[in-house]
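As structure tokens, the structure follows; a few thoughts come after it.
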Amino acid sequence: FPCFESRGGTRAEDLALQNIQARLRMVVAYMLAQLLPWTRRYHNHKQEAKGKMIKGGGNKAVGWLLVLSTANVDEALRGYMTKYDCSSGDLNPIGAISKTDLKRFLEWGSVSLGYRTLGAIAAAKPSAELRPSKGEGEGEQLDEVEMGMTYEELGVFGRLRKLSKCGPVSMFEALLRKWSSHPAETVATKVKRFFTFYAINRHKMTTVTPACHAEDYSPDDNRYDQRQILYRASWPWQFRRIDERAKQVQQARDKQQQQQQQQKRKRQEEMGGTSKRKVTS
């Protein structure tokens with residue numbers, strides 16, 4: 001039988017066991033959506049009959065409920081979701097809202113509307129909760145750790161990709177300026193990681209649940225974002241160019257830093273010489 005990695009299984013086994021749990025959420029949600037109207041009508045008939053069972057009354061119920069899915073725009077952009085899991089449904093009320101904005105909305109609802117539970121939800125660390133831990137002391141299964149990037153960074157990647165029409169190289173150049181305090185190699189690694197997973201998971205957007213668009217960088221393939229769905233995930237030319245530019249930029253920064261240090265030492269030596277001359281005088 002397949003096992004989780006924490007129980008001695010392989011990565012493939014681990015993912016398969018996580019995905020079957022995720023997909024069962026959708027199956028159960030649709031089952032409940034169809035059965036809830038039936039149970040409500042069945043019990044209404046019982047109440048009308050004052051406790052007496054109406055033969056076949058439960059079979060007269062028609063219709064079913066719509067299923068709401070729960071993937072946000074950042075998870076869709078990164079592809080951090082299972083196809084046909086709780087991201088699939090009839091309508092997604094948060095499908096075009098960023099994780100950051102969702103958290104702010106929950107915090108607002110907790111304070112302004114008095115729903116304190118919303119504050120606890122907003123404070124919780126995002127987790128798929130699909131994988132058991134090895135034991136006490138082991139870290140949780142956290143979204144941002146598994147994705148290799150923060151939700152805030154995903155928002156930046158999404159706006160540059162969609163609004164600024166950036167590919168890997170132009171996004172790297174833009175982020176060198178935006179994240180100037182980061183080493184060039186760090187920026188390069190973040191950009192390459194994002195585009196690798198974007199390319200691998202882009203196909204998931206062909207089945208994404210319809211959502212009311214509230215974010216300009218929505219990756220919704222069917223209604224909003226008409227980019228291709230198949231990419232070469234290795235991005236050979238683009239990633240090679242990013243590595244070349246990262247090396248050039250880092251060398252330039254190192255040279256500039258050395259020059260600044262030399263100038264600083266020179267000023268200190270000049271100031272020291274001036275002080276000695278004053279004392280001699």
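Chain lettering (A, B, ...) mirrors the order of the structure tokens, residue numbering begins at 1 for each chain separately, and ligand numbering begins at 1 in order of display.
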Shell around Met149 (chain A) at 10 Å using only C-alpha atoms, local window under 4 positions removed, as an mmCIF file with N, CA, C and O atoms, in the first residue's frame:
data_model
loop_
_atom_site.group_PDB
_atom_site.id
_atom_site.type_symbol
_atom_site.label_atom_id
_atom_site.label_comp_id
_atom_site.auth_asym_id
_atom_site.auth_seq_id
_atom_site.Cartn_x
_atom_site.Cartn_y
_atom_site.Cartn_z
ATOM 1 N N ARG A 78 0.057 30.124 -8.919
ATOM 2 C CA ARG A 78 1.180 29.227 -8.615
ATOM 3 C C ARG A 78 0.850 27.771 -8.973
ATOM 4 O O ARG A 78 1.745 26.944 -9.153
ATOM 5 N N ASP A 143 1.669 26.282 3.635
ATOM 6 C CA ASP A 143 1.584 26.622 2.215
ATOM 7 C C ASP A 143 2.850 27.290 1.703
ATOM 8 O O ASP A 143 3.420 26.886 0.689
ATOM 9 N N GLU A 144 3.279 28.358 2.374
ATOM 10 C CA GLU A 144 4.392 29.153 1.872
ATOM 11 C C GLU A 144 5.705 28.375 1.880
ATOM 12 O O GLU A 144 6.564 28.605 1.019
ATOM 13 N N VAL A 145 5.843 27.457 2.831
ATOM 14 C CA VAL A 145 7.050 26.621 2.862
ATOM 15 C C VAL A 145 7.042 25.659 1.676
ATOM 16 O O VAL A 145 8.051 25.486 0.980
ATOM 17 N N GLU A 153 4.791 37.670 -2.263
ATOM 18 C CA GLU A 153 5.631 37.574 -3.461
ATOM 19 C C GLU A 153 4.801 37.126 -4.670
ATOM 20 O O GLU A 153 5.017 37.617 -5.784
ATOM 21 N N LEU A 154 3.867 36.219 -4.461
ATOM 22 C CA LEU A 154 3.006 35.770 -5.560
ATOM 23 C C LEU A 154 2.215 36.928 -6.139
ATOM 24 O O LEU A 154 2.002 37.004 -7.358
ATOM 25 N N LYS A 190 14.192 33.098 -7.134
ATOM 26 C CA LYS A 190 12.751 33.295 -6.911
ATOM 27 C C LYS A 190 12.001 33.358 -8.236
ATOM 28 O O LYS A 190 10.935 32.744 -8.387
ATOM 29 N N VAL A 191 12.537 34.089 -9.195
ATOM 30 C CA VAL A 191 11.875 34.224 -10.491
ATOM 31 C C VAL A 191 11.836 32.889 -11.220
ATOM 32 O O VAL A 191 10.794 32.497 -11.778
ATOM 33 N N ARG A 193 11.991 29.879 -9.943
ATOM 34 C CA ARG A 193 11.084 28.959 -9.243
ATOM 35 C C ARG A 193 9.630 29.265 -9.611
ATOM 36 O O ARG A 193 8.838 28.359 -9.886
ATOM 37 N N PHE A 194 9.282 30.557 -9.622
ATOM 38 C CA PHE A 194 7.900 30.918 -9.970
ATOM 39 C C PHE A 194 7.545 30.459 -11.374
ATOM 40 O O PHE A 194 6.514 29.821 -11.593
#
Long-range neighbours of Leu91 (chain A) as a PDB file with N, CA, C and O atoms, in the first residue's frame, 10 Å cut-off, only C-alpha atoms, 6 positions minimum in chain:
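So the final result, stored in out.pdb, reads:
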ATOM      1  N   LEU A  66     -25.900  24.685  -5.392  1.00  0.00           N
ATOM      2  CA  LEU A  66     -24.642  24.947  -6.078  1.00  0.00           C
ATOM      3  C   LEU A  66     -23.478  24.739  -5.112  1.00  0.00           C
ATOM      4  O   LEU A  66     -23.603  25.002  -3.914  1.00  0.00           O
ATOM      5  N   VAL A  67     -22.374  24.283  -5.641  1.00  0.00           N
ATOM      6  CA  VAL A  67     -21.171  24.067  -4.834  1.00  0.00           C
ATOM      7  C   VAL A  67     -20.226  25.252  -5.024  1.00  0.00           C
ATOM      8  O   VAL A  67     -19.897  25.614  -6.157  1.00  0.00           O
ATOM      9  N   LEU A  68     -19.807  25.848  -3.919  1.00  0.00           N
ATOM     10  CA  LEU A  68     -18.848  26.952  -3.966  1.00  0.00           C
ATOM     11  C   LEU A  68     -17.447  26.404  -3.744  1.00  0.00           C
ATOM     12  O   LEU A  68     -17.211  25.649  -2.804  1.00  0.00           O
ATOM     13  N   SER A  69     -16.515  26.770  -4.605  1.00  0.00           N
ATOM     14  CA  SER A  69     -15.127  26.323  -4.447  1.00  0.00           C
ATOM     15  C   SER A  69     -14.316  27.391  -3.723  1.00  0.00           C
ATOM     16  O   SER A  69     -14.795  28.514  -3.494  1.00  0.00           O
ATOM     17  N   THR A  70     -13.069  27.063  -3.372  1.00  0.00           N
ATOM     18  CA  THR A  70     -12.359  27.916  -2.400  1.00  0.00           C
ATOM     19  C   THR A  70     -10.935  28.308  -2.776  1.00  0.00           C
ATOM     20  O   THR A  70     -10.209  28.822  -1.931  1.00  0.00           O
ATOM     21  N   VAL A 208     -10.539  25.727 -14.273  1.00  0.00           N
ATOM     22  CA  VAL A 208     -10.761  26.546 -13.087  1.00  0.00           C
ATOM     23  C   VAL A 208     -12.236  26.970 -13.009  1.00  0.00           C
ATOM     24  O   VAL A 208     -12.900  27.210 -14.019  1.00  0.00           O
ATOM     25  N   THR A 209     -12.759  27.040 -11.797  1.00  0.00           N
ATOM     26  CA  THR A 209     -14.163  27.396 -11.569  1.00  0.00           C
ATOM     27  C   THR A 209     -14.409  28.873 -11.856  1.00  0.00           C
ATOM     28  O   THR A 209     -13.589  29.719 -11.501  1.00  0.00           O
ATOM     29  N   PRO A 210     -15.525  29.207 -12.495  1.00  0.00           N
ATOM     30  CA  PRO A 210     -15.838  30.621 -12.772  1.00  0.00           C
ATOM     31  C   PRO A 210     -15.859  31.462 -11.501  1.00  0.00           C
ATOM     32  O   PRO A 210     -16.311  31.003 -10.447  1.00  0.00           O
ATOM     33  N   ALA A 211     -15.347  32.680 -11.606  1.00  0.00           N
ATOM     34  CA  ALA A 211     -15.293  33.576 -10.450  1.00  0.00           C
ATOM     35  C   ALA A 211     -15.568  35.008 -10.914  1.00  0.00           C
ATOM     36  O   ALA A 211     -15.351  35.357 -12.070  1.00  0.00           O
ATOM     37  N   CYS A 212     -16.058  35.817  -9.984  1.00  0.00           N
ATOM     38  CA  CYS A 212     -16.243  37.237 -10.264  1.00  0.00           C
ATOM     39  C   CYS A 212     -14.876  37.901 -10.178  1.00  0.00           C
ATOM     40  O   CYS A 212     -14.206  37.832  -9.149  1.00  0.00           O
TER      41      CYS A 212
END
Among the residues A:Asp14, A:Asp74, A:Glu270, A:Asp243, the one that comes closest to Leu130 (chain A) [using only C-alpha atoms]: A:Asp14
With a distance cut-off of 12 Å and only C-alpha atoms, select the neighbouring residues of Leu176 (chain A), excluding the residue or stretch itself and same-chain residues fewer than 3 positions from it, and output the selection as a VMD selection string. chain A and resid 169 to 173 179 to 191 242 245 to 246 248 to 250 253
Would you please work out which residue, of A:Lys162, A:Arg25, A:Arg177, A:Arg131, is nearest to Glu215 (chain A) when using only C-alpha atoms?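 Among the listed residues, A:Lys162 lies closest to Glu215 (chain A).
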Per DSSP on the backbone, what are the helix (DSSP H, G or I) residues of region 5-191 of chain A, as number ranges by chain? A: 5-7, 11-48, 57-59, 73-78, 99-112, 116-123, 143-147, 151-162, 168-178, 184-191
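With CA of Leu24 (chain A) on one side and CA of Ser218 (chain A) on the other, the separation reads 26.2 Å.
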Between A:Leu106, A:Ile20, A:Leu35, A:Ile94, which residue has the minimum interatomic distance to Ala124 (chain A), considering only C-alpha atoms?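 Between A:Leu106, A:Ile20, A:Leu35, A:Ile94, the residue approaching Ala124 (chain A) most closely is A:Leu106.
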Quote the spacing between CA of Ile200 (chain A) and CA of Leu175 (chain A) in Å to one decimal place.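 About the pair CA of Ile200 (chain A) and CA of Leu175 (chain A): they are 22.2 Å apart.
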Across A:Leu77, A:Gln260, A:Glu107, A:Tyr115, the smallest distance to Ala199 (chain A), with only C-alpha atoms counted, is shown by A:Leu77
Distance criterion (only C-alpha atoms): nearest to Leu36 (chain A) out of A:Arg161, A:Pro132, A:Trp64, A:Gln18: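 Once distances to Leu36 (chain A) are computed over only C-alpha atoms, the minimum belongs to A:Trp64.
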Could you give me, as a short mmCIF file (atom, residue, chain, number, x, y, z; two decimals) with N, CA and C atoms, in the first residue's frame, the residues within 12 Å of Gly79 (chain A), counting only C-alpha atoms and dropping anything in the same chain fewer than 2 positions from it?
data_model
loop_
_atom_site.label_atom_id
_atom_site.label_comp_id
_atom_site.auth_asym_id
_atom_site.auth_seq_id
_atom_site.Cartn_x
_atom_site.Cartn_y
_atom_site.Cartn_z
N ALA A 71 -10.49 28.10 -3.99
CA ALA A 71 -9.11 28.49 -4.35
C ALA A 71 -9.05 29.99 -4.62
N ASN A 72 -8.00 30.65 -4.12
CA ASN A 72 -7.85 32.09 -4.38
C ASN A 72 -6.95 32.32 -5.59
N VAL A 73 -6.82 33.57 -5.99
CA VAL A 73 -6.10 33.88 -7.23
C VAL A 73 -4.61 33.53 -7.15
N ASP A 74 -4.01 33.67 -5.96
CA ASP A 74 -2.59 33.37 -5.81
C ASP A 74 -2.31 31.87 -5.92
N GLU A 75 -3.18 31.06 -5.33
CA GLU A 75 -3.02 29.61 -5.44
C GLU A 75 -3.18 29.16 -6.89
N ALA A 76 -4.11 29.79 -7.60
CA ALA A 76 -4.31 29.44 -9.00
C ALA A 76 -3.09 29.83 -9.84
N LEU A 77 -2.54 31.01 -9.57
CA LEU A 77 -1.38 31.49 -10.31
C LEU A 77 -0.18 30.56 -10.13
N MET A 81 -2.67 23.79 -6.00
CA MET A 81 -3.98 23.19 -5.74
C MET A 81 -4.06 21.92 -6.57
N THR A 82 -4.95 21.03 -6.17
CA THR A 82 -5.15 19.78 -6.89
C THR A 82 -6.30 19.95 -7.87
N LYS A 83 -6.12 19.48 -9.08
CA LYS A 83 -7.19 19.54 -10.06
C LYS A 83 -8.38 18.71 -9.57
N SER A 87 -10.99 23.30 -5.12
CA SER A 87 -10.91 24.44 -6.03
C SER A 87 -11.93 24.32 -7.16
N ASP A 143 1.67 26.28 3.64
CA ASP A 143 1.58 26.62 2.22
C ASP A 143 2.85 27.29 1.70
N GLU A 146 5.90 25.02 1.42
CA GLU A 146 5.80 24.07 0.32
C GLU A 146 5.92 24.76 -1.04
N MET A 147 5.36 25.97 -1.16
CA MET A 147 5.42 26.68 -2.43
C MET A 147 6.80 27.23 -2.72
N LEU A 154 3.87 36.22 -4.46
CA LEU A 154 3.01 35.77 -5.56
C LEU A 154 2.21 36.93 -6.14
N PHE A 194 9.28 30.56 -9.62
CA PHE A 194 7.90 30.92 -9.97
C PHE A 194 7.54 30.46 -11.37
N PHE A 195 8.39 30.77 -12.36
CA PHE A 195 8.05 30.43 -13.74
C PHE A 195 8.10 28.92 -13.99
N THR A 196 8.92 28.20 -13.26
CA THR A 196 8.92 26.74 -13.40
C THR A 196 7.58 26.17 -13.00
N PHE A 197 7.09 26.55 -11.83
CA PHE A 197 5.81 26.01 -11.36
C PHE A 197 4.63 26.60 -12.14
N TYR A 198 4.77 27.84 -12.59
CA TYR A 198 3.72 28.44 -13.43
C TYR A 198 3.55 27.61 -14.71
N ALA A 199 4.68 27.24 -15.32
CA ALA A 199 4.62 26.46 -16.56
C ALA A 199 4.08 25.05 -16.32
N ILE A 200 4.53 24.42 -15.24
CA ILE A 200 4.08 23.05 -14.94
C ILE A 200 2.59 23.00 -14.67
N ASN A 201 2.06 24.00 -13.98
CA ASN A 201 0.67 23.96 -13.50
C ASN A 201 -0.31 24.79 -14.31
N ARG A 202 0.15 25.41 -15.38
CA ARG A 202 -0.73 26.28 -16.15
C ARG A 202 -1.96 25.53 -16.68
N HIS A 203 -1.83 24.24 -16.97
CA HIS A 203 -2.94 23.46 -17.51
C HIS A 203 -4.14 23.41 -16.56
N LYS A 204 -3.89 23.63 -15.27
CA LYS A 204 -4.98 23.59 -14.30
C LYS A 204 -5.99 24.71 -14.52
N MET A 205 -5.57 25.76 -15.21
CA MET A 205 -6.48 26.89 -15.44
C MET A 205 -7.55 26.59 -16.47
N THR A 206 -7.39 25.50 -17.22
CA THR A 206 -8.42 25.16 -18.22
C THR A 206 -9.69 24.63 -17.57
N THR A 207 -9.60 24.22 -16.31
CA THR A 207 -10.78 23.70 -15.61
C THR A 207 -11.12 24.53 -14.38
N VAL A 208 -10.54 25.73 -14.27
CA VAL A 208 -10.76 26.55 -13.09
C VAL A 208 -12.24 26.97 -13.01
N PRO A 219 -5.33 34.59 -13.33
CA PRO A 219 -4.83 33.71 -14.38
C PRO A 219 -5.91 32.86 -15.03
N ASP A 220 -7.17 33.20 -14.83
CA ASP A 220 -8.31 32.44 -15.35
C ASP A 220 -8.19 32.29 -16.87
#
Work out how far apart CA of Lys125 (chain A) and CA of Cys86 (chain A) are and give it in Å to one decimal. 18.5 Å
